[in-house]
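Dumped coords.pdb below, it's PDB, N, CA and C atoms and all ligand atoms:
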ATOM      1  N   MET V   1       0.846  -1.196   0.000
ATOM      2  CA  MET V   1       0.000   0.000   0.000
ATOM      3  C   MET V   1       0.881   1.246   0.000
ATOM      4  N   VAL V   2       0.668   2.085  -0.971
ATOM      5  CA  VAL V   2       1.436   3.331  -1.049
ATOM      6  C   VAL V   2       0.491   4.502  -0.816
ATOM      7  N   ASN V   3       0.759   5.282   0.223
ATOM      8  CA  ASN V   3      -0.034   6.476   0.492
ATOM      9  C   ASN V   3       0.720   7.707   0.026
ATOM     10  N   ILE V   4       0.046   8.525  -0.738
ATOM     11  CA  ILE V   4       0.665   9.749  -1.245
ATOM     12  C   ILE V   4      -0.093  10.941  -0.684
ATOM     13  N   PRO V   5       0.595  11.938  -0.115
ATOM     14  CA  PRO V   5      -0.101  13.103   0.427
ATOM     15  C   PRO V   5      -0.769  13.927  -0.671
ATOM     16  N   LYS V   6      -1.858  14.643  -0.297
ATOM     17  CA  LYS V   6      -2.628  15.416  -1.280
ATOM     18  C   LYS V   6      -1.820  16.563  -1.868
ATOM     19  N   THR V   7      -0.993  17.176  -1.037
ATOM     20  CA  THR V   7      -0.151  18.265  -1.544
ATOM     21  C   THR V   7       1.318  17.941  -1.282
ATOM     22  N   ILE V   8       2.139  18.164  -2.303
ATOM     23  CA  ILE V   8       3.585  18.000  -2.140
ATOM     24  C   ILE V   8       4.292  19.195  -2.764
ATOM     25  N   ARG V   9       5.535  19.403  -2.353
ATOM     26  CA  ARG V   9       6.317  20.519  -2.869
ATOM     27  C   ARG V   9       7.288  19.990  -3.902
ATOM     28  N   ARG V  10       7.044  20.349  -5.174
ATOM     29  CA  ARG V  10       7.884  19.880  -6.268
ATOM     30  C   ARG V  10       8.256  21.041  -7.183
ATOM     31  N   HIS V  11       9.159  20.749  -8.095
ATOM     32  CA  HIS V  11       9.584  21.766  -9.055
ATOM     33  C   HIS V  11       8.513  21.959 -10.122
ATOM     34  N   CYS V  12       8.136  23.204 -10.372
ATOM     35  CA  CYS V  12       7.173  23.521 -11.427
ATOM     36  C   CYS V  12       7.937  23.987 -12.663
ATOM     37  N   PRO V  13       7.798  23.294 -13.809
ATOM     38  CA  PRO V  13       8.517  23.714 -15.017
ATOM     39  C   PRO V  13       8.021  25.042 -15.599
ATOM     40  N   HIS V  14       6.798  25.458 -15.219
ATOM     41  CA  HIS V  14       6.252  26.714 -15.736
ATOM     42  C   HIS V  14       6.747  27.909 -14.922
ATOM     43  N   CYS V  15       6.765  27.753 -13.581
ATOM     44  CA  CYS V  15       7.283  28.829 -12.721
ATOM     45  C   CYS V  15       8.794  28.742 -12.588
ATOM     46  N   ASN V  16       9.378  27.591 -12.960
ATOM     47  CA  ASN V  16      10.811  27.305 -12.817
ATOM     48  C   ASN V  16      11.280  27.450 -11.371
ATOM     49  N   SER V  17      10.454  27.010 -10.428
ATOM     50  CA  SER V  17      10.841  27.001  -9.014
ATOM     51  C   SER V  17       9.970  25.986  -8.290
ATOM     52  N   HIS V  18      10.354  25.684  -7.034
ATOM     53  CA  HIS V  18       9.574  24.733  -6.248
ATOM     54  C   HIS V  18       8.299  25.386  -5.744
ATOM     55  N   GLN V  19       7.183  24.688  -5.905
ATOM     56  CA  GLN V  19       5.879  25.205  -5.477
ATOM     57  C   GLN V  19       5.072  24.082  -4.850
ATOM     58  N   GLU V  20       4.034  24.469  -4.100
ATOM     59  CA  GLU V  20       3.078  23.491  -3.576
ATOM     60  C   GLU V  20       2.247  22.947  -4.739
ATOM     61  N   MET V  21       2.067  21.623  -4.764
ATOM     62  CA  MET V  21       1.329  20.989  -5.865
ATOM     63  C   MET V  21       0.184  20.161  -5.330
ATOM     64  N   ARG V  22      -0.935  20.251  -6.015
ATOM     65  CA  ARG V  22      -2.063  19.361  -5.735
ATOM     66  C   ARG V  22      -1.834  18.063  -6.493
ATOM     67  N   VAL V  23      -2.005  16.921  -5.826
ATOM     68  CA  VAL V  23      -1.744  15.627  -6.461
ATOM     69  C   VAL V  23      -3.059  14.991  -6.900
ATOM     70  N   LYS V  24      -3.076  14.558  -8.158
ATOM     71  CA  LYS V  24      -4.226  13.811  -8.680
ATOM     72  C   LYS V  24      -3.694  12.612  -9.433
ATOM     73  N   GLU V  25      -4.569  11.622  -9.605
ATOM     74  CA  GLU V  25      -4.192  10.478 -10.425
ATOM     75  C   GLU V  25      -4.512  10.801 -11.872
ATOM     76  N   ASP V  26      -3.536  10.545 -12.763
ATOM     77  CA  ASP V  26      -3.741  10.823 -14.178
ATOM     78  C   ASP V  26      -4.431   9.618 -14.812
ATOM     79  N   THR V  27      -5.693   9.792 -15.192
ATOM     80  CA  THR V  27      -6.436   8.683 -15.794
ATOM     81  C   THR V  27      -6.500   8.869 -17.298
ATOM     82  N   LYS V  28      -6.426   7.751 -17.984
ATOM     83  CA  LYS V  28      -6.508   7.783 -19.433
ATOM     84  C   LYS V  28      -7.968   7.840 -19.849
ATOM     85  N   GLY V  29      -8.247   8.568 -20.902
ATOM     86  CA  GLY V  29      -9.591   8.578 -21.467
ATOM     87  C   GLY V  29      -9.846   7.290 -22.215
ATOM     88  N   ARG V  30     -11.090   7.059 -22.612
ATOM     89  CA  ARG V  30     -11.413   5.830 -23.343
ATOM     90  C   ARG V  30     -10.761   5.869 -24.710
ATOM     91  N   ALA V  31     -10.106   4.757 -25.086
ATOM     92  CA  ALA V  31      -9.426   4.702 -26.378
ATOM     93  C   ALA V  31     -10.442   4.679 -27.506
ATOM     94  N   SER V  32     -10.122   5.410 -28.555
ATOM     95  CA  SER V  32     -11.009   5.441 -29.711
ATOM     96  C   SER V  32     -10.864   4.151 -30.507
ATOM     97  N   ALA V  33     -11.981   3.612 -30.972
ATOM     98  CA  ALA V  33     -11.964   2.346 -31.709
ATOM     99  C   ALA V  33     -11.490   2.530 -33.146
ATOM    100  N   MET V  34     -11.442   3.776 -33.604
ATOM    101  CA  MET V  34     -11.067   4.025 -34.991
ATOM    102  C   MET V  34      -9.614   4.470 -35.136
ATOM    103  N   LYS V  35      -8.852   4.437 -34.060
ATOM    104  CA  LYS V  35      -7.451   4.837 -34.150
ATOM    105  C   LYS V  35      -6.674   3.823 -34.976
ATOM    106  N   LYS V  36      -5.590   4.305 -35.597
ATOM    107  CA  LYS V  36      -4.843   3.448 -36.510
ATOM    108  C   LYS V  36      -4.281   2.220 -35.799
ATOM    109  N   LYS V  37      -3.772   2.397 -34.578
ATOM    110  CA  LYS V  37      -3.166   1.250 -33.891
ATOM    111  C   LYS V  37      -4.209   0.198 -33.548
ATOM    112  N   HIS V  38      -5.437   0.656 -33.284
ATOM    113  CA  HIS V  38      -6.515  -0.292 -33.001
ATOM    114  C   HIS V  38      -6.910  -1.049 -34.268
ATOM    115  N   ARG V  39      -6.996  -0.323 -35.385
ATOM    116  CA  ARG V  39      -7.367  -0.953 -36.646
ATOM    117  C   ARG V  39      -6.306  -1.972 -37.084
ATOM    118  N   LYS V  40      -5.032  -1.623 -36.848
ATOM    119  CA  LYS V  40      -3.926  -2.504 -37.196
ATOM    120  C   LYS V  40      -3.991  -3.801 -36.397
ATOM    121  N   ARG V  41      -4.266  -3.663 -35.090
ATOM    122  CA  ARG V  41      -4.363  -4.823 -34.217
ATOM    123  C   ARG V  41      -5.544  -5.701 -34.627
ATOM    124  N   GLN V  42      -6.668  -5.043 -34.962
ATOM    125  CA  GLN V  42      -7.878  -5.769 -35.359
ATOM    126  C   GLN V  42      -7.629  -6.562 -36.647
ATOM    127  N   ARG V  43      -6.896  -5.943 -37.580
ATOM    128  CA  ARG V  43      -6.556  -6.607 -38.833
ATOM    129  C   ARG V  43      -5.716  -7.860 -38.561
ATOM    130  N   LYS V  44      -4.748  -7.724 -37.634
ATOM    131  CA  LYS V  44      -3.885  -8.850 -37.286
ATOM    132  C   LYS V  44      -4.686  -9.984 -36.655
ATOM    133  N   ILE V  45      -5.643  -9.618 -35.788
ATOM    134  CA  ILE V  45      -6.455 -10.633 -35.117
ATOM    135  C   ILE V  45      -7.295 -11.396 -36.137
ATOM    136  N   GLU V  46      -7.873 -10.668 -37.086
ATOM    137  CA  GLU V  46      -8.725 -11.316 -38.081
ATOM    138  C   GLU V  46      -7.915 -12.195 -39.048
ATOM    139  N   LYS V  47      -6.805 -11.664 -39.558
ATOM    140  CA  LYS V  47      -6.032 -12.397 -40.557
ATOM    141  C   LYS V  47      -5.015 -13.352 -39.932
ATOM    142  N   GLY V  48      -4.438 -12.928 -38.818
ATOM    143  CA  GLY V  48      -3.332 -13.669 -38.236
ATOM    144  C   GLY V  48      -2.030 -13.189 -38.819
ATOM    145  N   TYR V  49      -0.997 -13.109 -37.997
ATOM    146  CA  TYR V  49       0.317 -12.686 -38.478
ATOM    147  C   TYR V  49       1.362 -13.432 -37.673
ATOM    148  N   GLY V  50       2.159 -14.302 -38.311
ATOM    149  CA  GLY V  50       3.130 -15.108 -37.580
ATOM    150  C   GLY V  50       2.404 -15.976 -36.571
ATOM    151  N   SER V  51       2.790 -15.894 -35.319
ATOM    152  CA  SER V  51       2.128 -16.672 -34.273
ATOM    153  C   SER V  51       1.071 -15.842 -33.551
ATOM    154  N   PHE V  52       0.784 -14.644 -34.085
ATOM    155  CA  PHE V  52      -0.209 -13.761 -33.456
ATOM    156  C   PHE V  52      -1.589 -14.042 -34.028
ATOM    157  N   PRO V  53      -2.719 -14.040 -33.323
ATOM    158  CA  PRO V  53      -2.837 -13.895 -31.882
ATOM    159  C   PRO V  53      -2.446 -15.180 -31.134
ATOM    160  N   TYR V  54      -1.784 -15.005 -30.005
ATOM    161  CA  TYR V  54      -1.294 -16.147 -29.232
ATOM    162  C   TYR V  54      -2.466 -16.921 -28.644
ATOM    163  N   GLU V  55      -2.412 -18.237 -28.777
ATOM    164  CA  GLU V  55      -3.500 -19.052 -28.238
ATOM    165  C   GLU V  55      -3.317 -19.302 -26.756
ATOM    166  N   ASP V  56      -2.080 -19.620 -26.367
ATOM    167  CA  ASP V  56      -1.807 -19.979 -24.980
ATOM    168  C   ASP V  56      -1.227 -18.768 -24.249
ATOM    169  N   PRO V  57      -1.890 -18.279 -23.186
ATOM    170  CA  PRO V  57      -1.352 -17.100 -22.499
ATOM    171  C   PRO V  57      -0.007 -17.342 -21.818
ATOM    172  N   SER V  58       0.285 -18.618 -21.453
ATOM    173  CA  SER V  58       1.570 -18.914 -20.805
ATOM    174  C   SER V  58       2.712 -18.791 -21.818
ATOM    175  N   HIS V  59       2.380 -18.972 -23.090
ATOM    176  CA  HIS V  59       3.379 -18.842 -24.153
ATOM    177  C   HIS V  59       3.834 -17.386 -24.264
ATOM    178  N   ARG V  60       2.871 -16.493 -24.068
ATOM    179  CA  ARG V  60       3.165 -15.073 -24.191
ATOM    180  C   ARG V  60       4.012 -14.574 -23.017
ATOM    181  N   SER V  61       3.690 -15.072 -21.806
ATOM    182  CA  SER V  61       4.428 -14.601 -20.633
ATOM    183  C   SER V  61       5.738 -15.356 -20.440
ATOM    184  N   ARG V  62       6.013 -16.335 -21.325
ATOM    185  CA  ARG V  62       7.239 -17.146 -21.297
ATOM    186  C   ARG V  62       7.487 -17.753 -19.910
ATOM    187  N   GLY V  63       6.435 -18.267 -19.279
ATOM    188  CA  GLY V  63       6.587 -18.965 -18.013
ATOM    189  C   GLY V  63       6.681 -18.081 -16.806
ATOM    190  N   ARG V  64       6.777 -16.752 -17.025
ATOM    191  CA  ARG V  64       6.863 -15.850 -15.875
ATOM    192  C   ARG V  64       5.459 -15.553 -15.364
ATOM    193  N   LYS V  65       5.391 -15.181 -14.099
ATOM    194  CA  LYS V  65       4.107 -14.749 -13.547
ATOM    195  C   LYS V  65       3.837 -13.317 -13.982
ATOM    196  N   ASN V  66       2.569 -13.011 -14.166
ATOM    197  CA  ASN V  66       2.222 -11.635 -14.499
ATOM    198  C   ASN V  66       2.338 -10.779 -13.244
ATOM    199  N   PRO V  67       2.904  -9.584 -13.353
ATOM    200  CA  PRO V  67       3.035  -8.739 -12.158
ATOM    201  C   PRO V  67       1.672  -8.248 -11.682
ATOM    202  N   THR V  68       1.500  -8.206 -10.350
ATOM    203  CA  THR V  68       0.227  -7.738  -9.785
ATOM    204  C   THR V  68       0.216  -6.222  -9.639
ATOM    205  N   SER V  69       1.422  -5.631  -9.662
ATOM    206  CA  SER V  69       1.495  -4.177  -9.509
ATOM    207  C   SER V  69       1.304  -3.503 -10.864
ATOM    208  N   GLU V  70       0.893  -2.245 -10.818
ATOM    209  CA  GLU V  70       0.694  -1.473 -12.036
ATOM    210  C   GLU V  70       1.454  -0.168 -11.935
ATOM    211  N   LYS V  71       1.804   0.376 -13.088
ATOM    212  CA  LYS V  71       2.418   1.698 -13.106
ATOM    213  C   LYS V  71       1.320   2.743 -13.111
ATOM    214  N   LYS V  72       1.410   3.681 -12.169
ATOM    215  CA  LYS V  72       0.382   4.718 -12.076
ATOM    216  C   LYS V  72       1.027   6.085 -12.301
ATOM    217  N   ASP V  73       0.407   6.856 -13.160
ATOM    218  CA  ASP V  73       0.898   8.196 -13.407
ATOM    219  C   ASP V  73       0.233   9.179 -12.467
ATOM    220  N   LEU V  74       0.974  10.185 -12.052
ATOM    221  CA  LEU V  74       0.412  11.245 -11.211
ATOM    222  C   LEU V  74       0.277  12.517 -12.041
ATOM    223  N   LYS V  75      -0.613  13.377 -11.594
ATOM    224  CA  LYS V  75      -0.776  14.670 -12.226
ATOM    225  C   LYS V  75      -0.567  15.701 -11.126
ATOM    226  N   LEU V  76       0.389  16.588 -11.325
ATOM    227  CA  LEU V  76       0.690  17.592 -10.320
ATOM    228  C   LEU V  76       0.226  18.957 -10.814
ATOM    229  N   GLU V  77      -0.655  19.561 -10.015
ATOM    230  CA  GLU V  77      -1.185  20.866 -10.397
ATOM    231  C   GLU V  77      -0.583  21.934  -9.497
ATOM    232  N   CYS V  78       0.073  22.901 -10.119
ATOM    233  CA  CYS V  78       0.745  23.964  -9.371
ATOM    234  C   CYS V  78      -0.295  24.916  -8.788
ATOM    235  N   LYS V  79      -0.133  25.239  -7.488
ATOM    236  CA  LYS V  79      -1.082  26.154  -6.857
ATOM    237  C   LYS V  79      -0.815  27.596  -7.266
ATOM    238  N   GLU V  80       0.425  27.872  -7.685
ATOM    239  CA  GLU V  80       0.813  29.243  -8.016
ATOM    240  C   GLU V  80       0.305  29.667  -9.400
ATOM    241  N   CYS V  81       0.584  28.824 -10.433
ATOM    242  CA  CYS V  81       0.190  29.198 -11.797
ATOM    243  C   CYS V  81      -1.012  28.410 -12.296
ATOM    244  N   GLY V  82      -1.394  27.348 -11.585
ATOM    245  CA  GLY V  82      -2.579  26.577 -11.964
ATOM    246  C   GLY V  82      -2.355  25.588 -13.085
ATOM    247  N   LYS V  83      -1.106  25.503 -13.590
ATOM    248  CA  LYS V  83      -0.817  24.574 -14.677
ATOM    249  C   LYS V  83      -0.426  23.211 -14.100
ATOM    250  N   ALA V  84      -0.737  22.170 -14.868
ATOM    251  CA  ALA V  84      -0.463  20.815 -14.406
ATOM    252  C   ALA V  84       0.639  20.182 -15.240
ATOM    253  N   HIS V  85       1.409  19.307 -14.619
ATOM    254  CA  HIS V  85       2.387  18.527 -15.374
ATOM    255  C   HIS V  85       2.481  17.131 -14.786
ATOM    256  N   LYS V  86       3.125  16.251 -15.548
ATOM    257  CA  LYS V  86       3.244  14.860 -15.151
ATOM    258  C   LYS V  86       4.694  14.595 -14.785
ATOM    259  N   PRO V  87       4.956  13.992 -13.602
ATOM    260  CA  PRO V  87       6.338  13.650 -13.286
ATOM    261  C   PRO V  87       6.869  12.578 -14.244
ATOM    262  N   ARG V  88       8.191  12.578 -14.458
ATOM    263  CA  ARG V  88       8.767  11.679 -15.453
ATOM    264  C   ARG V  88       8.595  10.210 -15.077
ATOM    265  N   LYS V  89       8.823   9.909 -13.772
ATOM    266  CA  LYS V  89       8.773   8.504 -13.374
ATOM    267  C   LYS V  89       7.410   8.162 -12.806
ATOM    268  N   PRO V  90       6.739   7.135 -13.351
ATOM    269  CA  PRO V  90       5.488   6.703 -12.745
ATOM    270  C   PRO V  90       5.755   5.870 -11.485
ATOM    271  N   ILE V  91       4.727   5.707 -10.652
ATOM    272  CA  ILE V  91       4.856   4.914  -9.435
ATOM    273  C   ILE V  91       4.419   3.497  -9.765
ATOM    274  N   ARG V  92       5.180   2.506  -9.292
ATOM    275  CA  ARG V  92       4.746   1.126  -9.466
ATOM    276  C   ARG V  92       4.263   0.605  -8.123
ATOM    277  N   ALA V  93       2.976   0.294  -8.030
ATOM    278  CA  ALA V  93       2.428  -0.226  -6.782
ATOM    279  C   ALA V  93       1.184  -1.048  -7.063
ATOM    280  N   ALA V  94       0.961  -2.094  -6.214
ATOM    281  CA  ALA V  94      -0.245  -2.901  -6.355
ATOM    282  C   ALA V  94      -1.455  -2.133  -5.837
ATOM    283  N   LYS V  95      -1.270  -1.484  -4.674
ATOM    284  CA  LYS V  95      -2.335  -0.663  -4.105
ATOM    285  C   LYS V  95      -1.793   0.728  -3.886
ATOM    286  N   PHE V  96      -2.667   1.734  -4.081
ATOM    287  CA  PHE V  96      -2.147   3.087  -4.046
ATOM    288  C   PHE V  96      -3.298   4.028  -3.751
ATOM    289  N   SER V  97      -3.066   4.997  -2.865
ATOM    290  CA  SER V  97      -4.138   5.947  -2.545
ATOM    291  C   SER V  97      -3.572   7.325  -2.278
ATOM    292  N   ILE V  98      -4.360   8.349  -2.603
ATOM    293  CA  ILE V  98      -3.978   9.735  -2.337
ATOM    294  C   ILE V  98      -4.806  10.198  -1.163
ATOM    295  N   GLU V  99      -4.129  10.590  -0.104
ATOM    296  CA  GLU V  99      -4.884  11.030   1.078
ATOM    297  C   GLU V  99      -4.532  12.457   1.490
TER
HETATM  298 ZN    ZN D 101       3.685  26.869 -11.478
END

Take the structure in the file and give it back as C-alpha cells.
Amino acid sequence: MVNIPKTIRRHCPHCNSHQEMRVKEDTKGRASAMKKKHRKRQRKIEKGYGSFPYEDPSHRSRGRKNPTSEKKDLKLECKECGKAHKPRKPIRAAKFSIE
C-alpha cells in the first residue's frame, strides 16, 4: 500500500521554481476504436500474423508470472500558476491511494 499526500512541494517547469502541488491520479480517457493502432491490431487478429494472436497465455508470458502491480501516473497541479504537469517517473504499486 502506497499512500501519497494530497499536496507536495515539487519543481514547477512553468514557474521554474519549487511550489506546492495538488496531487491527482492521471487517468486515461477511453481509447477510440477508430485509431490506426486499433485498426492494425484488429486486422492482425482477423487475418493472423506469424504466431499472433497467441493461443496460450503462458506462451506469451514465457513462463513468468504476471506482475500484480501497475504503473500509475500522477498529475501535479501547481497552486501558483494553476498549470499541471506529469512527473517523469510513474509509481509502481499494487495498491495506491492519495490522502
Ligand atoms: Zn507553477

> Residues at most 6 Å from ligand ZN 101 (chain D), using all atoms listed in the file? Could they come as a list in words?
Replying inline: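 So, counting all atoms listed in the file, the residues near ligand ZN 101 (chain D) are Cys12, Pro13, His14, Cys15, Asn16, Cys78, Lys79, Glu80, Cys81, Gly82 and Lys83 of chain V.
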
> Out of chain V, which residues get strand (DSSP E) from DSSP, as a PyMOL selection string?
Replying inline: chain V and resi 2-4+7-12+17-25+70-72+74-78+84-85+91-93+96-98

> What does the PyMOL selection byres (((chain V and resi 74) around 6.5) and not hetatm) select in this file, as a PyMOL selection string?
Replying inline: chain V and resi 24-26+72-73+75-76+85-87+90-91

>> Please determine, counting only C-alpha atoms, which residue among V:Lys6, V:His11, V:His38, V:Arg43 has the shortest atom-to-atom distance to Val23 (chain V).
In response: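 So, comparing all the options, the nearest one is V:Lys6.
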
Centre and edge lengths of an axis-aligned box around all listed atoms of region 28-32 of chain V, with 8 Å added on each side, are to be given in Å to one decimal, as AutoDock Vina command-line options.
--center_x -8.9 --center_y 6.4 --center_z -24.2 --size_x 21.0 --size_y 20.4 --size_z 28.5

> How would you write, as a PyMOL selection string, the set of residues in chain V that DSSP gives as alpha helix (DSSP H)?
Replying inline: chain V and resi 36-47+57-61
